[in-house]
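**Q** What follows is data-v4.cif, mmCIF, C-alpha atoms and all ligand atoms.
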data_final
#
loop_
_atom_site.label_atom_id
_atom_site.label_comp_id
_atom_site.auth_asym_id
_atom_site.auth_seq_id
_atom_site.Cartn_x
_atom_site.Cartn_y
_atom_site.Cartn_z
CA MET A 1 29.90 -277.37 31.00
CA GLY A 2 27.92 -274.16 30.44
CA PHE A 3 27.46 -271.67 33.25
CA PHE A 4 25.06 -268.80 32.98
CA TYR A 5 24.41 -265.89 35.33
CA TYR A 6 21.54 -263.60 34.31
CA ILE A 7 22.20 -259.99 35.26
CA ALA A 8 19.65 -257.15 35.32
CA MET A 9 19.35 -253.92 37.29
CA GLN A 10 17.65 -255.58 40.22
CA GLU A 11 18.61 -259.12 39.46
CA ILE A 12 21.54 -261.12 38.28
CA THR A 13 20.95 -264.65 37.12
CA TYR A 14 23.73 -267.10 36.55
CA SER A 15 23.98 -270.77 35.90
CA THR A 16 26.87 -273.18 36.20
CA ASN A 17 25.31 -275.76 33.97
CA LYS A 18 22.36 -276.15 31.69
CA LYS A 19 20.19 -277.44 34.52
CA SER A 20 20.69 -274.73 37.13
CA THR A 21 20.16 -271.00 37.11
CA THR A 22 20.75 -268.66 40.02
CA SER A 23 18.98 -265.33 40.26
CA ILE A 24 20.74 -262.64 42.27
CA HIS A 25 18.65 -259.89 43.89
CA PHE A 26 19.71 -256.81 45.80
CA THR A 27 16.78 -256.04 48.05
CA TYR A 28 15.71 -258.27 50.88
CA ASP A 29 11.98 -258.64 51.46
CA LYS A 30 10.57 -261.49 53.51
CA ARG A 31 7.54 -262.08 51.25
CA PHE A 32 9.85 -262.04 48.26
CA PHE A 33 12.24 -264.65 49.65
CA MET A 34 9.40 -266.95 50.66
CA GLU A 35 8.08 -266.57 47.12
CA LEU A 36 11.49 -267.60 45.79
CA ALA A 37 11.39 -270.69 48.01
CA GLY A 38 8.01 -271.51 46.50
CA ASP A 39 5.59 -273.88 48.14
CA ARG A 40 8.35 -276.23 49.33
CA ARG A 41 8.80 -276.90 53.04
CA THR A 42 11.59 -274.55 54.05
CA ALA A 43 14.21 -274.51 56.79
CA ILE A 44 16.48 -271.55 57.45
CA ILE A 45 20.07 -272.21 58.52
CA THR A 46 21.50 -269.20 60.30
CA SER A 47 23.51 -268.05 63.31
CA GLY A 48 22.65 -266.53 66.68
CA ASN A 49 24.03 -263.15 65.63
CA ILE A 50 21.51 -262.95 62.80
CA THR A 51 18.50 -264.11 64.81
CA LYS A 52 19.45 -261.50 67.41
CA SER A 53 19.90 -258.63 64.94
CA TYR A 54 17.00 -259.51 62.63
CA PRO A 55 14.41 -261.47 64.67
CA GLU A 56 11.55 -260.50 62.34
CA ILE A 57 13.04 -262.60 59.51
CA PHE A 58 12.58 -265.80 61.47
CA GLU A 59 9.05 -265.48 62.84
CA GLY A 60 7.03 -268.56 61.97
CA GLN A 61 9.92 -270.32 60.19
CA ASN A 62 11.76 -273.62 60.75
CA VAL A 63 15.08 -272.29 61.96
CA ILE A 64 18.33 -274.18 62.52
CA VAL A 65 20.78 -272.00 64.41
CA ILE A 66 24.44 -272.96 64.18
CA ASP A 67 27.51 -271.59 65.92
CA ASP A 68 29.18 -269.92 62.94
CA LYS A 69 32.76 -269.96 64.20
CA GLU A 70 35.45 -271.06 61.78
CA TYR A 71 36.33 -274.01 64.07
CA HIS A 72 32.71 -275.16 63.86
CA LYS A 73 32.80 -275.13 60.06
CA ASN A 74 33.26 -278.88 60.06
CA LEU A 75 31.57 -282.24 59.53
CA ALA A 76 30.19 -282.28 63.07
CA THR A 77 28.08 -279.21 62.25
CA ILE A 78 26.92 -280.81 59.00
CA GLU A 79 25.83 -283.91 60.95
CA GLU A 80 24.03 -281.75 63.50
CA ILE A 81 22.08 -279.96 60.75
CA ALA A 82 21.27 -283.23 58.94
CA SER A 83 19.90 -284.68 62.20
CA LYS A 84 17.66 -281.62 62.65
CA LEU A 85 16.45 -281.83 59.05
CA LEU A 86 15.60 -285.50 59.59
CA LEU A 87 13.72 -284.63 62.77
CA LEU A 88 11.79 -281.97 60.85
CA GLY A 89 10.90 -284.66 58.32
CA PHE A 90 12.65 -282.87 55.46
CA ASP A 91 12.96 -284.71 52.15
CA ARG A 92 14.47 -284.03 48.74
CA HIS A 93 11.61 -281.70 47.82
CA SER A 94 12.19 -279.46 50.82
CA PHE A 95 14.13 -276.22 50.58
CA ILE A 96 17.01 -274.70 52.59
CA ILE A 97 17.77 -271.02 52.97
CA GLY A 98 21.15 -270.02 54.42
CA ILE A 99 21.08 -266.57 56.04
CA GLY A 100 24.41 -265.36 57.37
CA GLY A 101 28.06 -264.83 56.61
CA GLY A 102 30.35 -266.95 54.48
CA ILE A 103 30.45 -269.71 57.08
CA VAL A 104 26.67 -270.13 57.12
CA CYS A 105 26.52 -269.91 53.30
CA ASP A 106 29.32 -272.49 52.78
CA ILE A 107 27.69 -274.85 55.27
CA ALA A 108 24.12 -274.37 54.00
CA GLY A 109 25.24 -275.06 50.43
CA PHE A 110 27.19 -278.16 51.41
CA VAL A 111 24.50 -279.74 53.57
CA SER A 112 21.89 -279.00 50.87
CA HIS A 113 24.10 -280.76 48.31
CA ILE A 114 24.52 -283.95 50.31
CA TYR A 115 21.29 -284.29 52.34
CA MET A 116 19.36 -287.14 50.69
CA ARG A 117 21.73 -286.68 47.73
CA GLY A 118 20.71 -283.09 47.31
CA LEU A 119 17.91 -280.62 47.83
CA ARG A 120 17.62 -277.08 46.49
CA PHE A 121 18.69 -274.02 48.42
CA GLY A 122 18.89 -270.22 48.42
CA LEU A 123 21.34 -267.87 50.13
CA ILE A 124 20.92 -264.53 51.86
CA PRO A 125 24.48 -263.39 52.63
CA THR A 126 24.61 -260.88 55.49
CA THR A 127 28.31 -260.00 55.68
CA LEU A 128 30.09 -257.77 53.18
CA LEU A 129 32.40 -260.67 52.43
CA ALA A 130 29.64 -263.18 51.81
CA MET A 131 27.54 -260.89 49.59
CA SER A 132 30.49 -259.78 47.47
CA ASP A 133 32.28 -263.10 47.34
CA ALA A 134 31.53 -266.25 49.37
CA ALA A 135 27.89 -266.70 48.35
CA ILE A 136 28.70 -266.30 44.65
CA GLY A 137 30.22 -269.04 42.54
CA GLY A 138 28.83 -272.29 43.88
CA LYS A 139 31.69 -273.39 46.13
CA ASN A 140 30.41 -274.93 49.36
CA GLY A 141 32.17 -276.90 52.02
CA VAL A 142 33.75 -277.28 55.41
CA ASN A 143 37.23 -277.41 56.90
CA PHE A 144 38.87 -280.73 57.67
CA GLY A 145 41.53 -280.82 60.37
CA GLU A 146 43.83 -277.90 59.72
CA ASN A 147 42.77 -277.70 56.10
CA LYS A 148 40.46 -274.92 54.92
CA ASN A 149 37.43 -275.89 52.84
CA MET A 150 38.92 -279.33 52.21
CA LEU A 151 35.59 -281.18 51.97
CA GLY A 152 32.98 -279.68 49.73
CA CYS A 153 31.13 -279.50 46.46
CA PHE A 154 30.16 -277.23 43.60
CA ASP A 155 26.47 -276.39 43.66
CA ASN A 156 24.76 -273.09 42.94
CA PRO A 157 21.75 -271.85 44.89
CA ASP A 158 18.44 -271.08 43.18
CA PHE A 159 18.69 -267.51 44.41
CA ILE A 160 20.96 -265.12 46.25
CA ILE A 161 19.72 -261.94 47.92
CA ALA A 162 22.73 -259.65 48.33
CA ASP A 163 21.23 -256.72 50.23
CA SER A 164 23.99 -254.31 51.30
CA SER A 165 21.89 -252.85 54.13
CA PHE A 166 22.76 -255.94 56.21
CA VAL A 167 26.31 -254.62 56.63
CA GLN A 168 25.09 -251.84 58.96
CA THR A 169 25.01 -254.26 61.91
CA LEU A 170 28.40 -255.85 61.21
CA PRO A 171 31.23 -255.42 63.71
CA LYS A 172 33.94 -253.12 62.26
CA GLU A 173 36.45 -255.94 61.91
CA GLN A 174 33.98 -258.01 59.87
CA TYR A 175 33.15 -255.04 57.65
CA LEU A 176 36.86 -254.49 56.96
CA SER A 177 37.28 -258.20 56.38
CA GLY A 178 34.71 -258.03 53.54
CA LEU A 179 36.29 -254.89 52.17
CA GLY A 180 39.56 -256.84 51.93
CA GLU A 181 38.02 -259.22 49.37
CA ILE A 182 36.59 -256.23 47.47
CA ILE A 183 40.07 -254.67 47.29
CA LYS A 184 41.19 -258.00 45.86
CA TYR A 185 38.80 -257.51 42.92
CA ALA A 186 40.39 -254.10 42.27
CA LEU A 187 43.90 -255.56 42.34
CA ILE A 188 43.00 -258.39 39.96
CA GLY A 189 41.35 -256.15 37.40
CA ASN A 190 38.08 -254.35 38.27
CA GLU A 191 38.87 -250.70 37.47
CA ASN A 192 35.47 -249.45 38.65
CA ILE A 193 36.15 -250.85 42.10
CA LEU A 194 39.66 -249.35 42.05
CA ASN A 195 38.14 -245.92 41.26
CA ILE A 196 35.55 -246.19 44.02
CA LEU A 197 38.21 -247.28 46.52
CA GLN A 198 40.52 -244.44 45.56
CA ASN A 199 37.85 -241.71 45.46
CA GLU A 200 35.18 -242.66 48.00
CA ARG A 201 37.24 -243.69 51.01
CA GLU A 202 35.19 -241.81 53.61
CA LYS A 203 31.86 -243.03 52.25
CA ILE A 204 33.16 -246.59 52.25
CA LEU A 205 34.42 -246.35 55.82
CA ASN A 206 31.09 -244.79 56.87
CA ARG A 207 29.21 -247.66 55.16
CA ASP A 208 27.25 -245.32 52.91
CA ASN A 209 24.62 -247.69 51.58
CA GLU A 210 24.67 -246.49 47.97
CA THR A 211 28.49 -246.78 47.81
CA VAL A 212 28.54 -250.20 49.48
CA ASN A 213 25.81 -251.34 47.10
CA ARG A 214 27.92 -250.26 44.09
CA LEU A 215 30.93 -252.14 45.47
CA VAL A 216 28.85 -255.26 46.07
CA LYS A 217 27.33 -255.18 42.57
CA GLU A 218 30.72 -254.62 40.93
CA SER A 219 32.24 -257.45 42.97
CA ILE A 220 29.43 -259.79 42.01
CA LEU A 221 29.77 -258.87 38.34
CA THR A 222 33.51 -259.61 38.45
CA LYS A 223 33.09 -262.88 40.28
CA VAL A 224 30.22 -264.03 38.04
CA GLN A 225 32.27 -263.27 34.93
CA ILE A 226 35.29 -265.19 36.21
CA VAL A 227 33.23 -268.11 37.51
CA GLU A 228 31.16 -268.46 34.34
CA ASN A 229 34.36 -268.95 32.37
CA ASP A 230 35.71 -271.60 34.72
CA PRO A 231 32.90 -272.99 36.93
CA ASN A 232 34.92 -275.92 38.29
CA ASP A 233 37.96 -273.86 39.22
CA THR A 234 40.43 -275.60 36.95
CA SER A 235 42.13 -272.61 35.29
CA THR A 236 41.27 -268.91 35.01
CA ARG A 237 39.18 -268.90 38.21
CA HIS A 238 42.41 -269.42 40.13
CA ILE A 239 43.02 -265.65 39.96
CA LEU A 240 40.31 -265.25 42.61
CA ASN A 241 42.81 -266.83 44.98
CA PHE A 242 44.99 -263.72 44.93
CA GLY A 243 46.13 -263.31 48.54
CA HIS A 244 44.59 -266.63 49.57
CA THR A 245 47.55 -269.02 49.32
CA ILE A 246 49.36 -267.38 52.20
CA GLY A 247 46.15 -265.81 53.52
CA HIS A 248 44.61 -269.20 54.34
CA SER A 249 47.66 -270.24 56.37
CA ILE A 250 47.51 -266.92 58.28
CA GLU A 251 43.75 -267.29 58.81
CA LEU A 252 44.21 -270.73 60.33
CA THR A 253 47.30 -269.92 62.37
CA GLU A 254 46.36 -266.50 63.66
CA LYS A 255 42.58 -267.09 63.82
CA LEU A 256 41.96 -263.86 61.91
CA PRO A 257 38.71 -263.09 60.01
CA HIS A 258 39.03 -264.43 56.47
CA GLY A 259 39.34 -261.07 54.67
CA MET A 260 41.83 -259.67 57.20
CA ALA A 261 44.07 -262.69 56.59
CA VAL A 262 43.60 -262.27 52.82
CA VAL A 263 44.79 -258.65 53.15
CA LYS A 264 48.04 -259.88 54.73
CA GLY A 265 48.18 -262.61 52.07
CA MET A 266 47.80 -259.99 49.33
CA ASN A 267 50.63 -257.96 50.86
CA ALA A 268 52.81 -261.08 50.88
CA ALA A 269 51.83 -261.83 47.26
CA VAL A 270 52.77 -258.25 46.28
CA ASP A 271 56.16 -258.68 47.99
CA LEU A 272 56.65 -262.00 46.23
CA SER A 273 55.68 -260.46 42.87
CA GLU A 274 58.27 -257.74 43.36
CA ARG A 275 60.94 -260.15 44.58
CA LEU A 276 60.45 -262.33 41.50
CA GLY A 277 60.83 -259.28 39.27
CA LEU A 278 57.25 -259.38 38.03
CA LEU A 279 55.99 -256.17 39.62
CA ALA A 280 57.73 -252.78 39.58
CA HIS A 281 58.52 -251.26 42.98
CA ASP A 282 56.24 -248.21 42.49
CA LYS A 283 53.33 -250.50 41.57
CA ALA A 284 53.98 -252.64 44.63
CA MET A 285 53.86 -249.46 46.75
CA GLU A 286 50.60 -248.43 45.05
CA ALA A 287 49.04 -251.81 45.83
CA LYS A 288 50.16 -251.63 49.46
CA LYS A 289 48.80 -248.07 49.77
CA LEU A 290 45.37 -249.28 48.71
CA LEU A 291 45.49 -251.64 51.69
CA THR A 292 46.97 -249.27 54.28
CA ASP A 293 44.62 -246.42 53.25
CA PHE A 294 41.79 -248.39 54.81
CA GLY A 295 43.74 -248.89 58.02
CA TYR A 296 44.68 -252.55 57.62
CA ASP A 297 47.56 -254.10 59.48
CA ILE A 298 49.35 -255.63 56.49
CA MET A 299 52.35 -257.04 58.38
CA TYR A 300 52.88 -260.78 58.22
CA ASN A 301 55.40 -263.04 59.87
CA LEU A 302 55.47 -266.53 58.42
CA SER A 303 56.68 -269.50 60.46
CA GLU A 304 57.10 -273.21 59.92
CA THR A 305 53.44 -273.70 60.86
CA HIS A 306 52.36 -271.50 57.94
CA PHE A 307 54.58 -273.42 55.53
CA ASN A 308 53.25 -276.76 56.79
CA ILE A 309 49.71 -275.56 56.14
CA LEU A 310 50.75 -274.37 52.66
CA CYS A 311 52.01 -277.87 51.92
CA HIS A 312 48.51 -279.27 52.46
CA ASP A 313 46.64 -276.51 50.67
CA LYS A 314 44.41 -277.32 47.70
CA LYS A 315 46.65 -275.01 45.69
CA LYS A 316 49.50 -277.50 45.95
CA GLU A 317 50.22 -279.54 42.83
CA ASP A 318 52.83 -282.28 43.33
CA SER A 319 55.86 -280.47 44.73
CA GLN A 320 54.76 -277.01 43.67
CA ILE A 321 52.40 -274.42 45.08
CA ARG A 322 50.26 -272.24 42.89
CA PHE A 323 50.46 -268.51 43.63
CA VAL A 324 48.51 -265.67 42.11
CA LEU A 325 50.93 -262.78 41.65
CA LEU A 326 50.74 -259.36 40.02
CA GLU A 327 52.48 -258.00 36.94
CA ASP A 328 50.68 -254.69 37.43
CA ILE A 329 47.69 -253.34 39.35
CA GLY A 330 44.79 -255.18 37.72
CA LYS A 331 47.03 -257.71 35.96
CA PRO A 332 47.22 -261.01 37.85
CA VAL A 333 49.42 -263.89 36.77
CA ILE A 334 49.48 -267.48 38.02
CA LYS A 335 52.90 -268.94 38.92
CA LYS A 336 53.82 -272.31 40.37
CA LEU A 337 56.75 -272.27 42.75
CA PRO A 338 58.66 -275.28 44.12
CA ILE A 339 57.75 -275.82 47.78
CA GLU A 340 61.38 -275.83 48.96
CA GLN A 341 61.97 -272.32 47.54
CA ILE A 342 59.00 -270.74 49.27
CA PRO A 343 60.42 -270.12 52.79
CA ALA A 344 63.43 -268.29 51.30
CA LEU A 345 61.20 -266.21 49.02
CA ILE A 346 58.58 -265.13 51.55
CA GLY A 347 59.89 -266.20 54.95
N1 LIG A 401 32.62 -270.33 49.09
C1 LIG A 401 33.43 -269.37 48.72
O1 LIG A 401 33.65 -269.13 47.54
C2 LIG A 401 34.09 -268.52 49.78
C3 LIG A 401 34.78 -267.35 49.41
C4 LIG A 401 35.34 -266.57 50.41
C5 LIG A 401 35.23 -266.95 51.74
N2 LIG A 401 34.57 -268.10 52.05
C6 LIG A 401 34.44 -268.52 53.45
O2 LIG A 401 33.64 -267.56 54.13
C7 LIG A 401 33.97 -267.61 55.52
C8 LIG A 401 34.08 -266.21 56.06
O3 LIG A 401 32.87 -265.57 55.88
P1 LIG A 401 32.56 -264.15 56.53
O4 LIG A 401 33.71 -263.26 56.40
O5 LIG A 401 31.25 -263.74 56.00
O6 LIG A 401 32.52 -264.45 58.08
P2 LIG A 401 31.52 -265.27 59.03
O7 LIG A 401 30.58 -266.09 58.29
O8 LIG A 401 32.42 -265.88 60.03
O9 LIG A 401 30.72 -264.09 59.74
C9 LIG A 401 31.41 -263.18 60.55
C10 LIG A 401 30.67 -262.84 61.82
O10 LIG A 401 29.68 -261.87 61.53
C11 LIG A 401 28.42 -262.29 62.05
N3 LIG A 401 27.43 -261.70 61.17
C12 LIG A 401 27.07 -262.11 59.93
N4 LIG A 401 26.23 -261.22 59.38
C13 LIG A 401 26.02 -260.25 60.31
C14 LIG A 401 25.26 -259.05 60.31
N5 LIG A 401 24.57 -258.64 59.24
N6 LIG A 401 25.27 -258.29 61.44
C15 LIG A 401 25.99 -258.69 62.52
N7 LIG A 401 26.76 -259.79 62.58
C16 LIG A 401 26.77 -260.56 61.46
C17 LIG A 401 28.50 -263.79 62.04
O11 LIG A 401 27.59 -264.35 62.95
C18 LIG A 401 29.94 -264.01 62.46
O12 LIG A 401 30.10 -263.91 63.84
C19 LIG A 401 35.25 -268.41 55.64
O13 LIG A 401 34.97 -269.66 56.20
C20 LIG A 401 35.72 -268.55 54.20
O14 LIG A 401 36.42 -269.74 53.98
C21 LIG A 401 34.00 -268.88 51.10
#
Before we go any further, please render this structure as structure tokens.
**A**
Amino acid sequence: MGFFYYIAMQEITYSTNKKSTTSIHFTYDKRFFMELAGDRRTAIITSGNITKSYPEIFEGQNVIVIDDKEYHKNLATIEEIASKLLLLGFDRHSFIIGIGGGIVCDIAGFVSHIYMRGLRFGLIPTTLLAMSDAAIGGKNGVNFGENKNMLGCFDNPDFIIADSSFVQTLPKEQYLSGLGEIIKYALIGNENILNILQNEREKILNRDNETVNRLVKESILTKVQIVENDPNDTSTRHILNFGHTIGHSIELTEKLPHGMAVVKGMNAAVDLSERLGLLAHDKAMEAKKLLTDFGYDIMYNLSETHFNILCHDKKKEDSQIRFVLLEDIGKPVIKKLPIEQIPALIG
């Protein structure tokens, strides 16, 4: 299956198959996004935090506000949205725009994919994490029980507007959560991001718009490249899960923001890489320094609950769990480890 993202100075366009193409833009403008939606009837799915911070976006629109907590990222919320779409008289020719963080984007994409067997959608990610990661790549879905993103689909939006100025209103913890995923791109191979992280620390922490914009663009380029080569996440795309195997179990157990849990997961993956003799000690220290330099709490303490969650993770294959580890900074490697060995290795 072909997958094509078109990338220009102001726009990136990608496509996961011959039928769909996604254009990625970096400047939000209301007239522009309505133009992208075309003359289709449009509903915006968003959250209360966004309507409060950016009320002007929603004037005169059909708006469905959801509670974008991780524990509401579930089928009940999908049903609620579908009921509202039905009430609005939406059909397959209507259009959905998701405006919000990764939770809103994942939900908007999933409900668009299944409502009346699918209608088209666009995404305007408003968190650092969503614009640099979650909105890109066509994965949509919800949690099921204790299992993260267990029910979902692959479907790419018609457009994504990744405007870094939205991060100015983010709570600090959410900003750092997004930065965690950006550090991931540096550790799995984007040298430009590594350079920016190592040389522009103050600007990053002060949310300098030009610097954040560069980080977002670089992250998108990396993700697009990886996703185009493996749109259905069957092989090379797995490297994007660096820090996520353990990170997901921490996110669910400790109720931490996604990227903060991924930071702890990356620290655990670095420890595991060193313990398995894949990563030299000085390189492990260098990777950890990249995390602690931005003030993250990288400590993790794994219990039976974490291991139980790992056993149900999508990264489990038969009696093994797939980990993304490091052989060097920027050199990820995928290893499968028998479940019974894992507590001793990272407990
Ligand atoms: N589909 C994917 O490929 C993918 C990749 C990574 C993460 N995810 C998912 O993304 C989710 C996490 O997304 P997230 O980190 O964006 O968190 P989030 O969606 O929970 O948003 C965090 C908080 O910030 C608020 N918010 C959003 N934008 C804001 C803004 N501009 N100003 C002020 N407040 C704002 C939200 O209302 C929310 O309270 C997880 O569910 C994770 O599984 C998906």
**Q** Which value, in Å to one decimal, gives the distance between atom O11 of ligand LIG 401 (chain A) and CA of Asp233 in chain A?
**A** 27.6 Å
**Q** Could you please determine the separation between CA of Ser23 in chain A and CA of Arg120 in chain A in Å, to one decimal place?
**A**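 Separating CA of Ser23 in chain A from CA of Arg120 in chain A is a distance of 13.4 Å.
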**Q** Would you be able to write out as a PyMOL selection string which residues have an atom within 7 Å of (12.2, -275.9, 52.3) in the file's coordinates, counting all atoms listed in the file?
**A** chain A and resi 37+40-43+94-96
**Q** Using all atoms listed in the file, which of the listed residues (A:Lys30, A:Lys184, A:Lys139, A:Lys331) sits closest to ligand LIG 401 (chain A)?
**A**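 Looking at the shortest contact to ligand LIG 401 (chain A), the residue is A:Lys139.
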**Q** Which residues are close to Ser249 in chain A, i.e. within 9 Å by all atoms listed in the file, leaving aside same-chain residues fewer than 6 positions away? Reply as a list in words.
**A**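 The contact residues come out as Asn147, Lys148, Ala261, Gly265, Leu302, Thr305, His306, Phe307, Asn308, Ile309, Leu310 and Asp313 of chain A.
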**Q** Applying 12 Å and all atoms listed in the file, which residues near Val216 in chain A remain after dropping the ones on its own chain fewer than 4 positions away? List them as a VMD selection string.
**A** chain A and resid 24 to 26 125 to 136 161 to 167 178 to 179 181 to 183 185 192 to 193 196 204 207 209 to 212 220 to 224
**Q** Could you turn the residues from that selection into a file that holds C-alpha atoms, as an mmCIF file, keeping the file's coordinate frame?
**A**
data_model
loop_
_atom_site.group_PDB
_atom_site.id
_atom_site.type_symbol
_atom_site.label_atom_id
_atom_site.label_comp_id
_atom_site.auth_asym_id
_atom_site.auth_seq_id
_atom_site.Cartn_x
_atom_site.Cartn_y
_atom_site.Cartn_z
ATOM 1 C CA ILE A 24 20.740 -262.640 42.270
ATOM 2 C CA HIS A 25 18.650 -259.890 43.890
ATOM 3 C CA PHE A 26 19.710 -256.810 45.800
ATOM 4 C CA PRO A 125 24.480 -263.390 52.630
ATOM 5 C CA THR A 126 24.610 -260.880 55.490
ATOM 6 C CA THR A 127 28.310 -260.000 55.680
ATOM 7 C CA LEU A 128 30.090 -257.770 53.180
ATOM 8 C CA LEU A 129 32.400 -260.670 52.430
ATOM 9 C CA ALA A 130 29.640 -263.180 51.810
ATOM 10 C CA MET A 131 27.540 -260.890 49.590
ATOM 11 C CA SER A 132 30.490 -259.780 47.470
ATOM 12 C CA ASP A 133 32.280 -263.100 47.340
ATOM 13 C CA ALA A 134 31.530 -266.250 49.370
ATOM 14 C CA ALA A 135 27.890 -266.700 48.350
ATOM 15 C CA ILE A 136 28.700 -266.300 44.650
ATOM 16 C CA ILE A 161 19.720 -261.940 47.920
ATOM 17 C CA ALA A 162 22.730 -259.650 48.330
ATOM 18 C CA ASP A 163 21.230 -256.720 50.230
ATOM 19 C CA SER A 164 23.990 -254.310 51.300
ATOM 20 C CA SER A 165 21.890 -252.850 54.130
ATOM 21 C CA PHE A 166 22.760 -255.940 56.210
ATOM 22 C CA VAL A 167 26.310 -254.620 56.630
ATOM 23 C CA GLY A 178 34.710 -258.030 53.540
ATOM 24 C CA LEU A 179 36.290 -254.890 52.170
ATOM 25 C CA GLU A 181 38.020 -259.220 49.370
ATOM 26 C CA ILE A 182 36.590 -256.230 47.470
ATOM 27 C CA ILE A 183 40.070 -254.670 47.290
ATOM 28 C CA TYR A 185 38.800 -257.510 42.920
ATOM 29 C CA ASN A 192 35.470 -249.450 38.650
ATOM 30 C CA ILE A 193 36.150 -250.850 42.100
ATOM 31 C CA ILE A 196 35.550 -246.190 44.020
ATOM 32 C CA ILE A 204 33.160 -246.590 52.250
ATOM 33 C CA ARG A 207 29.210 -247.660 55.160
ATOM 34 C CA ASN A 209 24.620 -247.690 51.580
ATOM 35 C CA GLU A 210 24.670 -246.490 47.970
ATOM 36 C CA THR A 211 28.490 -246.780 47.810
ATOM 37 C CA VAL A 212 28.540 -250.200 49.480
ATOM 38 C CA ILE A 220 29.430 -259.790 42.010
ATOM 39 C CA LEU A 221 29.770 -258.870 38.340
ATOM 40 C CA THR A 222 33.510 -259.610 38.450
ATOM 41 C CA LYS A 223 33.090 -262.880 40.280
ATOM 42 C CA VAL A 224 30.220 -264.030 38.040
#
**Q** May I have a table of the residues of range 218-327 of chain A lying at most 12 Å from range 155-159 of chain A, giving each one's closest pair of atoms and their distance in Å to one decimal, counting only C-alpha atoms, ordered by chain and ascending residue number, as a tab-separated table?
**A**
residue	atom	partner	partner_atom	distance
A:Val224	CA	A:Asn156	CA	11.7
A:Val227	CA	A:Asn156	CA	11.2
A:Glu228	CA	A:Asn156	CA	11.7
A:Pro231	CA	A:Asp155	CA	9.9
A:Asn232	CA	A:Asp155	CA	10.0
**Q** Check the smallest atom-to-atom distance from each of A:Gln225, A:Thr22, A:Thr253, A:Gln174 to ligand LIG 401 (chain A) using only C-alpha atoms and all ligand atoms, then report the winner.
**A**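 Nearest candidate to ligand LIG 401 (chain A) out of A:Gln225, A:Thr22, A:Thr253, A:Gln174: A:Gln174.
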**Q** Env of Ile97 in chain A: 6 Å cut, atoms = all atoms listed in the file, seq-sep filter 4 positions within chain, self excluded. Answer as a compact mmCIF listing (two decimals) with C-alpha atoms, in the coordinates of the input.
**A**
# COMPACT_ATOMS: atom_id res chain seq x y z
CA ILE A 44 16.48 -271.55 57.45
CA PHE A 121 18.69 -274.02 48.42
CA GLY A 122 18.89 -270.22 48.42
CA LEU A 123 21.34 -267.87 50.13
**Q** I'd like to know which of A:Gly152, A:Gly347, A:Gly101, A:Gly247 is closest to ligand LIG 401 (chain A), using only C-alpha atoms and all ligand atoms.
**A**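 When distances to ligand LIG 401 (chain A) are compared using only C-alpha atoms and all ligand atoms, the smallest one comes from A:Gly101.
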**Q** What is the distance, in Å and to one decimal place, between atom C8 of ligand LIG 401 (chain A) and CA of Ile103 in chain A?
**A** 5.1 Å
**Q** What's around range 76-90 of chain A at 7 Å? Count all atoms listed in the file, leave out sequence neighbours fewer than 4 positions away in its own chain, and write the answer as a PyMOL selection string.
**A** chain A and resi 72+94+111+115
**Q** Tell me which protein, DNA and RNA residues are within 12 Å of Asp293 in chain A, counting all atoms listed in the file, leaving out same-chain ones fewer than 6 positions away, and put them as a ChimeraX atom specification.
**A** /A:176,179-180,183,197-202,204-205,285-287
**Q** For the residues in that selection, give me C-alpha atoms as an mmCIF file, keeping the file's coordinate frame.
**A**
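Full text of again-v4.cif as output:
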data_model
loop_
_atom_site.group_PDB
_atom_site.id
_atom_site.type_symbol
_atom_site.label_atom_id
_atom_site.label_comp_id
_atom_site.auth_asym_id
_atom_site.auth_seq_id
_atom_site.Cartn_x
_atom_site.Cartn_y
_atom_site.Cartn_z
ATOM 1 C CA LEU A 176 36.860 -254.490 56.960
ATOM 2 C CA LEU A 179 36.290 -254.890 52.170
ATOM 3 C CA GLY A 180 39.560 -256.840 51.930
ATOM 4 C CA ILE A 183 40.070 -254.670 47.290
ATOM 5 C CA LEU A 197 38.210 -247.280 46.520
ATOM 6 C CA GLN A 198 40.520 -244.440 45.560
ATOM 7 C CA ASN A 199 37.850 -241.710 45.460
ATOM 8 C CA GLU A 200 35.180 -242.660 48.000
ATOM 9 C CA ARG A 201 37.240 -243.690 51.010
ATOM 10 C CA GLU A 202 35.190 -241.810 53.610
ATOM 11 C CA ILE A 204 33.160 -246.590 52.250
ATOM 12 C CA LEU A 205 34.420 -246.350 55.820
ATOM 13 C CA MET A 285 53.860 -249.460 46.750
ATOM 14 C CA GLU A 286 50.600 -248.430 45.050
ATOM 15 C CA ALA A 287 49.040 -251.810 45.830
#
**Q** Would you fill the gaps in range 174-178 of chain A so it has N, CA and C atoms, then print it as a PDB file, in the frame of the given file?
**A**
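Below is the file rebuild_11.pdb, written as the result:
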ATOM      1  N   GLN A 174      34.607-257.189  60.910  1.00  0.00           N
ATOM      2  CA  GLN A 174      33.980-258.010  59.870  1.00  0.00           C
ATOM      3  C   GLN A 174      33.710-257.193  58.620  1.00  0.00           C
ATOM      4  N   TYR A 175      33.367-255.916  58.817  1.00  0.00           N
ATOM      5  CA  TYR A 175      33.150-255.040  57.650  1.00  0.00           C
ATOM      6  C   TYR A 175      34.463-254.907  56.869  1.00  0.00           C
ATOM      7  N   LEU A 176      35.556-254.646  57.617  1.00  0.00           N
ATOM      8  CA  LEU A 176      36.860-254.490  56.960  1.00  0.00           C
ATOM      9  C   LEU A 176      37.322-255.799  56.324  1.00  0.00           C
ATOM     10  N   SER A 177      36.928-256.900  56.943  1.00  0.00           N
ATOM     11  CA  SER A 177      37.280-258.200  56.380  1.00  0.00           C
ATOM     12  C   SER A 177      36.655-258.337  54.980  1.00  0.00           C
ATOM     13  N   GLY A 178      35.384-257.972  54.850  1.00  0.00           N
ATOM     14  CA  GLY A 178      34.710-258.030  53.540  1.00  0.00           C
ATOM     15  C   GLY A 178      35.328-257.072  52.551  1.00  0.00           C
TER      16      GLY A 178
END
